[in-house]
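Below is run00.txt, which holds compact mmCIF, C-alpha atoms and all ligand atoms.
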# COMPACT_ATOMS: atom_id res chain seq x y z
CA MET P 81 -30.62 -103.20 -20.73
CA GLU P 82 -32.22 -102.92 -24.14
CA TYR P 83 -34.84 -100.91 -26.00
CA GLN P 84 -36.03 -99.95 -29.46
CA VAL P 85 -37.00 -96.40 -30.40
CA VAL P 86 -39.80 -95.11 -32.62
CA ILE P 87 -39.03 -91.73 -34.20
CA PRO P 88 -42.04 -89.92 -35.70
CA ALA P 89 -40.66 -87.78 -38.56
CA ALA P 90 -43.64 -87.70 -40.90
CA GLY P 91 -44.94 -84.21 -40.14
CA GLN P 92 -45.07 -81.29 -42.55
CA GLY P 93 -43.40 -78.72 -40.32
CA LYS P 94 -46.00 -76.07 -41.13
CA ARG P 95 -45.15 -73.81 -38.18
CA MET P 96 -41.46 -73.79 -39.16
CA LYS P 97 -42.43 -72.22 -42.51
CA ALA P 98 -39.37 -73.68 -44.24
CA GLY P 99 -41.31 -74.95 -47.26
CA MET P 100 -40.22 -78.51 -46.45
CA ASN P 101 -40.26 -81.09 -43.67
CA LYS P 102 -38.22 -79.41 -40.92
CA GLN P 103 -36.32 -82.68 -40.25
CA PHE P 104 -34.16 -81.85 -43.31
CA ILE P 105 -33.10 -78.36 -42.16
CA GLU P 106 -29.34 -78.34 -41.50
CA LEU P 107 -27.70 -77.26 -38.23
CA HIS P 108 -23.89 -77.20 -38.31
CA HIS P 109 -23.97 -79.04 -41.67
CA GLN P 110 -26.14 -81.92 -40.52
CA PRO P 111 -29.90 -82.31 -40.95
CA ILE P 112 -31.94 -82.10 -37.74
CA ILE P 113 -33.01 -85.75 -38.04
CA VAL P 114 -29.37 -86.86 -38.14
CA HIS P 115 -28.60 -84.91 -34.94
CA THR P 116 -31.60 -86.60 -33.32
CA LEU P 117 -30.63 -90.12 -34.38
CA LYS P 118 -26.92 -89.88 -33.50
CA VAL P 119 -27.36 -90.53 -29.79
CA PHE P 120 -29.41 -93.67 -30.46
CA GLU P 121 -26.86 -94.79 -33.03
CA GLN P 122 -24.14 -94.52 -30.37
CA ASP P 123 -26.12 -96.04 -27.49
CA ASP P 124 -25.34 -99.74 -26.92
CA TRP P 125 -28.72 -100.22 -25.25
CA CYS P 126 -30.52 -99.22 -28.46
CA GLN P 127 -31.33 -102.37 -30.46
CA GLY P 128 -33.10 -100.71 -33.36
CA ILE P 129 -34.53 -97.45 -34.69
CA ILE P 130 -37.93 -97.32 -36.40
CA VAL P 131 -38.37 -94.07 -38.32
CA VAL P 132 -41.87 -93.01 -39.31
CA ILE P 133 -41.80 -91.11 -42.57
CA ASN P 134 -43.91 -89.54 -45.25
CA GLU P 135 -43.81 -91.99 -48.21
CA ALA P 136 -42.90 -89.16 -50.62
CA GLU P 137 -39.69 -88.57 -48.61
CA ARG P 138 -38.55 -92.22 -48.34
CA GLU P 139 -35.64 -91.79 -50.78
CA GLN P 140 -34.47 -88.58 -49.06
CA PHE P 141 -34.34 -90.29 -45.66
CA HIS P 142 -32.69 -93.37 -47.13
CA THR P 143 -29.95 -91.27 -48.75
CA LEU P 144 -29.27 -89.41 -45.48
CA PHE P 145 -28.96 -92.61 -43.47
CA GLU P 146 -26.36 -93.90 -45.96
CA GLN P 147 -24.50 -90.60 -46.12
CA PHE P 148 -24.00 -89.95 -42.40
CA PRO P 149 -24.23 -93.05 -41.75
CA ILE P 150 -27.06 -94.20 -39.49
CA LYS P 151 -26.97 -98.01 -39.40
CA LYS P 152 -29.48 -98.93 -36.72
CA VAL P 153 -32.62 -98.07 -38.71
CA VAL P 154 -34.40 -101.43 -38.88
CA SER P 155 -37.57 -100.13 -40.47
CA MET P 156 -39.03 -97.04 -42.17
CA VAL P 157 -42.81 -97.07 -41.92
CA SER P 158 -45.43 -94.71 -43.35
CA GLY P 159 -46.89 -92.01 -41.14
CA GLY P 160 -50.51 -91.00 -40.66
CA ALA P 161 -52.54 -87.79 -40.59
CA GLU P 162 -51.76 -86.97 -36.93
CA ARG P 163 -48.62 -87.62 -34.89
CA GLN P 164 -50.54 -90.21 -32.86
CA HIS P 165 -51.35 -92.20 -36.02
CA SER P 166 -47.70 -92.04 -37.09
CA VAL P 167 -46.54 -93.31 -33.70
CA TYR P 168 -49.06 -96.17 -33.79
CA ASN P 169 -47.71 -97.30 -37.18
CA GLY P 170 -44.21 -97.20 -35.74
CA LEU P 171 -45.16 -99.16 -32.62
CA LYS P 172 -46.59 -101.96 -34.76
CA ALA P 173 -43.15 -102.37 -36.34
CA VAL P 174 -41.38 -102.95 -32.98
CA LYS P 175 -40.13 -106.56 -32.78
CA ASN P 176 -38.56 -108.44 -29.86
CA SER P 177 -38.30 -105.52 -27.50
CA GLU P 178 -39.84 -105.23 -24.05
CA ILE P 179 -39.21 -101.48 -23.77
CA VAL P 180 -39.92 -98.90 -26.47
CA LEU P 181 -39.01 -95.23 -26.52
CA ILE P 182 -40.99 -92.72 -28.58
CA HIS P 183 -38.99 -89.63 -29.51
CA ASP P 184 -39.78 -86.70 -31.84
CA GLY P 185 -37.51 -86.46 -34.88
CA ALA P 186 -37.52 -82.70 -34.33
CA ARG P 187 -35.97 -82.90 -30.83
CA PRO P 188 -32.21 -83.21 -31.40
CA PHE P 189 -30.82 -82.42 -27.92
CA ILE P 190 -31.43 -85.60 -25.96
CA THR P 191 -28.62 -87.21 -23.94
CA MET P 192 -27.75 -90.86 -23.37
CA GLU P 193 -27.85 -90.26 -19.63
CA LYS P 194 -31.54 -89.25 -19.74
CA ILE P 195 -32.37 -92.09 -22.13
CA HIS P 196 -30.91 -94.61 -19.67
CA GLU P 197 -32.82 -93.09 -16.74
CA LEU P 198 -36.03 -93.41 -18.76
CA VAL P 199 -35.40 -97.03 -19.72
CA LYS P 200 -34.72 -98.02 -16.09
CA GLU P 201 -37.85 -96.28 -14.81
CA ALA P 202 -40.02 -97.71 -17.62
CA GLU P 203 -38.83 -101.20 -16.72
CA GLU P 204 -39.89 -100.59 -13.13
CA HIS P 205 -43.13 -98.61 -13.62
CA GLY P 206 -44.28 -99.44 -17.18
CA ALA P 207 -44.24 -95.81 -18.31
CA ALA P 208 -41.80 -92.91 -17.82
CA ILE P 209 -41.54 -89.47 -19.38
CA LEU P 210 -39.14 -86.53 -19.38
CA ALA P 211 -40.42 -83.17 -18.20
CA VAL P 212 -39.11 -79.87 -16.82
CA PRO P 213 -40.70 -77.65 -14.15
CA MET P 214 -42.70 -74.77 -15.71
CA LYS P 215 -40.83 -71.47 -15.55
CA ASP P 216 -43.71 -69.23 -16.60
CA THR P 217 -46.90 -68.63 -14.71
CA VAL P 218 -49.76 -70.30 -16.57
CA LYS P 219 -53.30 -68.92 -16.70
CA ARG P 220 -56.43 -70.49 -18.10
CA ALA P 221 -58.30 -68.05 -20.34
CA PHE P 222 -61.89 -67.63 -21.43
CA ASP P 223 -63.13 -65.08 -23.97
CA GLY P 224 -59.88 -63.09 -23.76
CA PHE P 225 -59.95 -62.76 -19.96
CA VAL P 226 -58.23 -64.70 -17.22
CA ALA P 227 -60.44 -67.44 -15.84
CA GLU P 228 -57.90 -68.89 -13.43
CA THR P 229 -54.24 -68.82 -12.43
CA VAL P 230 -52.96 -72.38 -12.29
CA GLU P 231 -50.75 -73.32 -9.31
CA ARG P 232 -47.30 -73.39 -10.90
CA SER P 233 -45.47 -75.62 -8.42
CA SER P 234 -47.33 -78.70 -9.67
CA LEU P 235 -46.92 -77.95 -13.40
CA TRP P 236 -44.42 -79.71 -15.67
CA ALA P 237 -43.67 -79.07 -19.34
CA VAL P 238 -43.50 -82.46 -21.01
CA GLN P 239 -40.88 -83.58 -23.54
CA THR P 240 -39.88 -86.74 -25.37
CA PRO P 241 -38.51 -89.41 -25.21
CA GLN P 242 -41.37 -91.16 -23.48
CA ALA P 243 -40.63 -94.77 -22.54
CA PHE P 244 -43.07 -97.64 -22.13
CA ARG P 245 -43.50 -101.35 -21.87
CA ILE P 246 -44.49 -102.16 -25.46
CA SER P 247 -47.60 -104.14 -24.45
CA LEU P 248 -48.90 -101.20 -22.37
CA VAL P 249 -48.40 -98.47 -24.96
CA LEU P 250 -49.82 -100.59 -27.80
CA GLU P 251 -52.92 -101.32 -25.73
CA ALA P 252 -53.25 -97.60 -24.91
CA HIS P 253 -53.00 -96.62 -28.59
CA GLU P 254 -55.53 -99.28 -29.58
CA GLN P 255 -57.97 -98.14 -26.90
CA ALA P 256 -57.58 -94.49 -28.01
CA ARG P 257 -58.30 -95.49 -31.62
CA LYS P 258 -61.45 -97.34 -30.57
CA ASP P 259 -62.61 -94.31 -28.58
CA GLY P 260 -61.68 -91.79 -31.30
CA TYR P 261 -59.40 -90.04 -28.78
CA VAL P 262 -56.44 -88.02 -30.04
CA GLY P 263 -54.00 -86.89 -27.36
CA THR P 264 -51.09 -84.47 -27.56
CA ASP P 265 -48.58 -87.01 -26.26
CA ASP P 266 -48.35 -90.78 -25.89
CA ALA P 267 -48.33 -90.80 -22.09
CA SER P 268 -51.80 -89.23 -22.05
CA LEU P 269 -53.15 -92.36 -23.75
CA VAL P 270 -51.65 -94.49 -20.98
CA GLU P 271 -52.94 -92.10 -18.28
CA ARG P 272 -56.52 -92.39 -19.55
CA MET P 273 -56.33 -96.13 -18.90
CA GLY P 274 -55.69 -95.33 -15.25
CA LYS P 275 -52.01 -96.33 -15.36
CA LYS P 276 -49.22 -94.49 -13.56
CA VAL P 277 -46.62 -92.54 -15.51
CA LYS P 278 -43.30 -91.74 -13.79
CA ILE P 279 -41.87 -88.22 -14.32
CA ILE P 280 -38.13 -87.83 -14.72
CA GLU P 281 -36.70 -84.31 -14.55
CA GLY P 282 -35.23 -83.50 -17.95
CA ASP P 283 -33.11 -80.71 -19.35
CA TYR P 284 -34.39 -77.31 -20.61
CA ARG P 285 -32.13 -77.70 -23.65
CA ASN P 286 -34.15 -80.66 -24.94
CA ILE P 287 -36.33 -78.38 -27.06
CA LYS P 288 -38.57 -79.35 -29.96
CA LEU P 289 -37.79 -77.32 -33.05
CA THR P 290 -41.21 -75.95 -33.89
CA THR P 291 -41.01 -72.32 -35.11
CA PRO P 292 -38.19 -70.38 -36.88
CA ASP P 293 -37.04 -68.86 -33.55
CA ASP P 294 -36.23 -72.34 -32.30
CA LEU P 295 -33.47 -72.57 -34.93
CA LEU P 296 -31.69 -69.65 -33.21
CA PHE P 297 -31.93 -71.40 -29.85
CA ALA P 298 -30.74 -74.63 -31.47
CA GLU P 299 -27.63 -72.94 -32.89
CA ALA P 300 -26.80 -71.62 -29.42
CA ILE P 301 -27.32 -75.00 -27.76
CA LEU P 302 -25.27 -76.75 -30.42
CA SER P 303 -22.35 -74.34 -29.98
CA ASN P 304 -22.04 -75.55 -26.38
CA TRP P 305 -22.81 -79.22 -27.04
CA PRO P 306 -20.13 -81.68 -25.78
CA SER P 307 -19.71 -83.60 -29.06
CA CYS P 308 -19.11 -80.40 -31.10
N1 LIG P 401 -45.16 -86.08 -36.87
C1 LIG P 401 -45.42 -87.28 -37.53
N2 LIG P 401 -46.62 -87.45 -38.18
C2 LIG P 401 -47.54 -86.47 -38.19
C3 LIG P 401 -47.30 -85.25 -37.51
C4 LIG P 401 -46.09 -85.09 -36.86
O1 LIG P 401 -44.59 -88.19 -37.53
N3 LIG P 401 -48.68 -86.67 -38.84
C5 LIG P 401 -43.86 -85.89 -36.21
C6 LIG P 401 -43.10 -84.67 -36.70
O2 LIG P 401 -42.35 -85.00 -37.87
C7 LIG P 401 -42.25 -84.27 -35.51
C8 LIG P 401 -43.05 -84.78 -34.31
O3 LIG P 401 -44.06 -85.65 -34.83
O4 LIG P 401 -40.98 -84.88 -35.49
C9 LIG P 401 -43.63 -83.64 -33.50
O5 LIG P 401 -44.59 -82.94 -34.28
P1 LIG P 401 -44.56 -81.40 -34.65
O6 LIG P 401 -43.47 -80.71 -33.91
O7 LIG P 401 -45.95 -80.88 -34.56
O8 LIG P 401 -44.07 -81.44 -36.18
P2 LIG P 401 -44.89 -81.14 -37.49
O9 LIG P 401 -46.25 -81.76 -37.38
O10 LIG P 401 -44.04 -81.54 -38.63
O11 LIG P 401 -45.00 -79.55 -37.45
P3 LIG P 401 -46.32 -78.64 -37.61
O12 LIG P 401 -47.30 -79.11 -36.56
O13 LIG P 401 -45.83 -77.24 -37.39
O14 LIG P 401 -46.82 -78.87 -39.02
MG MG P 402 -47.64 -81.13 -35.84
So, in terms of structure tokens, how does the structure I just supplied come out?
Ligand code: CTP
Ligand code: MG
Amino acid sequence: MEYQVVIPAAGQGKRMKAGMNKQFIELHHQPIIVHTLKVFEQDDWCQGIIVVINEAEREQFHTLFEQFPIKKVVSMVSGGAERQHSVYNGLKAVKNSEIVLIHDGARPFITMEKIHELVKEAEEHGAAILAVPMKDTVKRAFDGFVAETVERSSLWAVQTPQAFRISLVLEAHEQARKDGYVGTDDASLVERMGKKVKIIEGDYRNIKLTTPDDLLFAEAILSNWPSC
């Protein structure tokens, strides 16, 4: 089986407060983006990596991919104002691939096993995402008071990668653009077209590095990571 992967890495990392794009922060002497790309580099099913970048950082990314080395990057495209715009630019660069994965550059703890599960399910259903059952009780709030306690057993916390048939996800992005809709993940754009999205149970370690605390968790995860 084969796929290509789009990696949005064009954000500013404002919540990380590192004064730079968080993709370049080092964990165990390697930048976060390198940790993220390694599994795709090693996966025989992966036919190409499309990295979405901020134009001002093109040289920095290029140097890293030579240094570490990451050889499967077939294209580096410019990002947009929102993650969704960045992903759309990346999707347009996908060539000759039936299945595309979309995976955050800031999510370095993804395994080949989960990637393969996603690809198989996306081939069958058109769309598949990774998610973990919610551990916390979730309440909807209004004006500082609880409006409702949401039934936890049906709640899932969603991660990336998300895997799609390329024709389906491109159509969903184009429809969202026409409607001026901006979603918080790519699957939501497919859902609003009335299409089914398969959930695959993921791993709690597949965190997105968002705030400074996440770097502490990342160090702990990395210390127990098989390839280390
Ligand atoms: N991203 C992107 N283009 C954007 C915004 C985000 O490619 N316009 C990417 C980020 O680089 C990241 C992923 O989408 O890998 C998930 O976004 P997020 O965690 O929100 O990262 P940032 O937008 O960089 O962080 P923040 O929201 O704190 O500024
Ligand atoms: Mg963001």
query: Residues at most 12 Å from Phe244 in chain P, counting all atoms listed in the file, excluding those fewer than 4 positions away in the same chain, as a PyMOL selection string?
result: chain P and resi 83-86+171+177-183+198-209+240+248-253+266-267+269-271+275-278
- request: Collect all residues with atoms no farther than 6 Å from ligand LIG 401 (chain P), counting all atoms listed in the file, and output them as a list in words.
  value: Pro88, Ala89, Ala90, Gly91, Gln92, Gly93, Lys94, Arg95, Met96, Val132, Gly159, Gly160, Ala161, Glu162, Arg163, Ser166, Asp184, Gly185, Ala186 and Thr290 of chain P
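Candidate residues P:Asn101, P:Gln242, P:Thr143, P:Ser155 were compared for distance to ligand MG 402 (chain P), and the nearest is P:Asn101, using all atoms listed in the file.
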Residue nearest ligand MG 402 (chain P) among P:Leu235, P:Leu289, P:Val114, P:Met273 (counting all atoms listed in the file): P:Leu289
Centre, x/y/z edge lengths, axis-aligned box for range 263-271 of chain P with 3 Å per side, as AutoDock Vina command-line options:
--center_x -51.2 --center_y -89.5 --center_z -22.9 --size_x 11.7 --size_y 16.0 --size_z 15.3
- prompt: Counting only C-alpha atoms, which of P:Ile133, P:Ile112, P:Val174, P:Val218 gets nearest to Asp294 in chain P?
  reply: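 Ranked by minimum distance to Asp294 in chain P, first place goes to P:Ile112.
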Interatomic distance (Å, one decimal) between CA of Glu193 in chain P and CA of Ile246 in chain P: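 Atom-to-atom, CA of Glu193 in chain P and CA of Ile246 in chain P are spaced 21.3 Å apart.
Residue nearest Gly263 in chain P, chosen from P:Ala298, P:Ile87, P:Ala221, P:Val167 and counting all atoms listed in the file: P:Val167.
In this model, the gap between CA of Arg245 in chain P and CA of Ile130 in chain P comes to 16.1 Å.
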CA of Ile190 in chain P to CA of Asp265 in chain P, straight-line distance in Å: 17.2 Å
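Counting all atoms listed in the file and comparing P:Lys102, P:Glu281, P:Asp223, P:Phe120, the residue that lies closest to ligand MG 402 (chain P) is P:Lys102.
Among the candidate residues P:Ala256, P:Leu295, P:Ala237, P:Met192, the one lying nearest to Asp124 in chain P is P:Met192, with distances computed using only C-alpha atoms.
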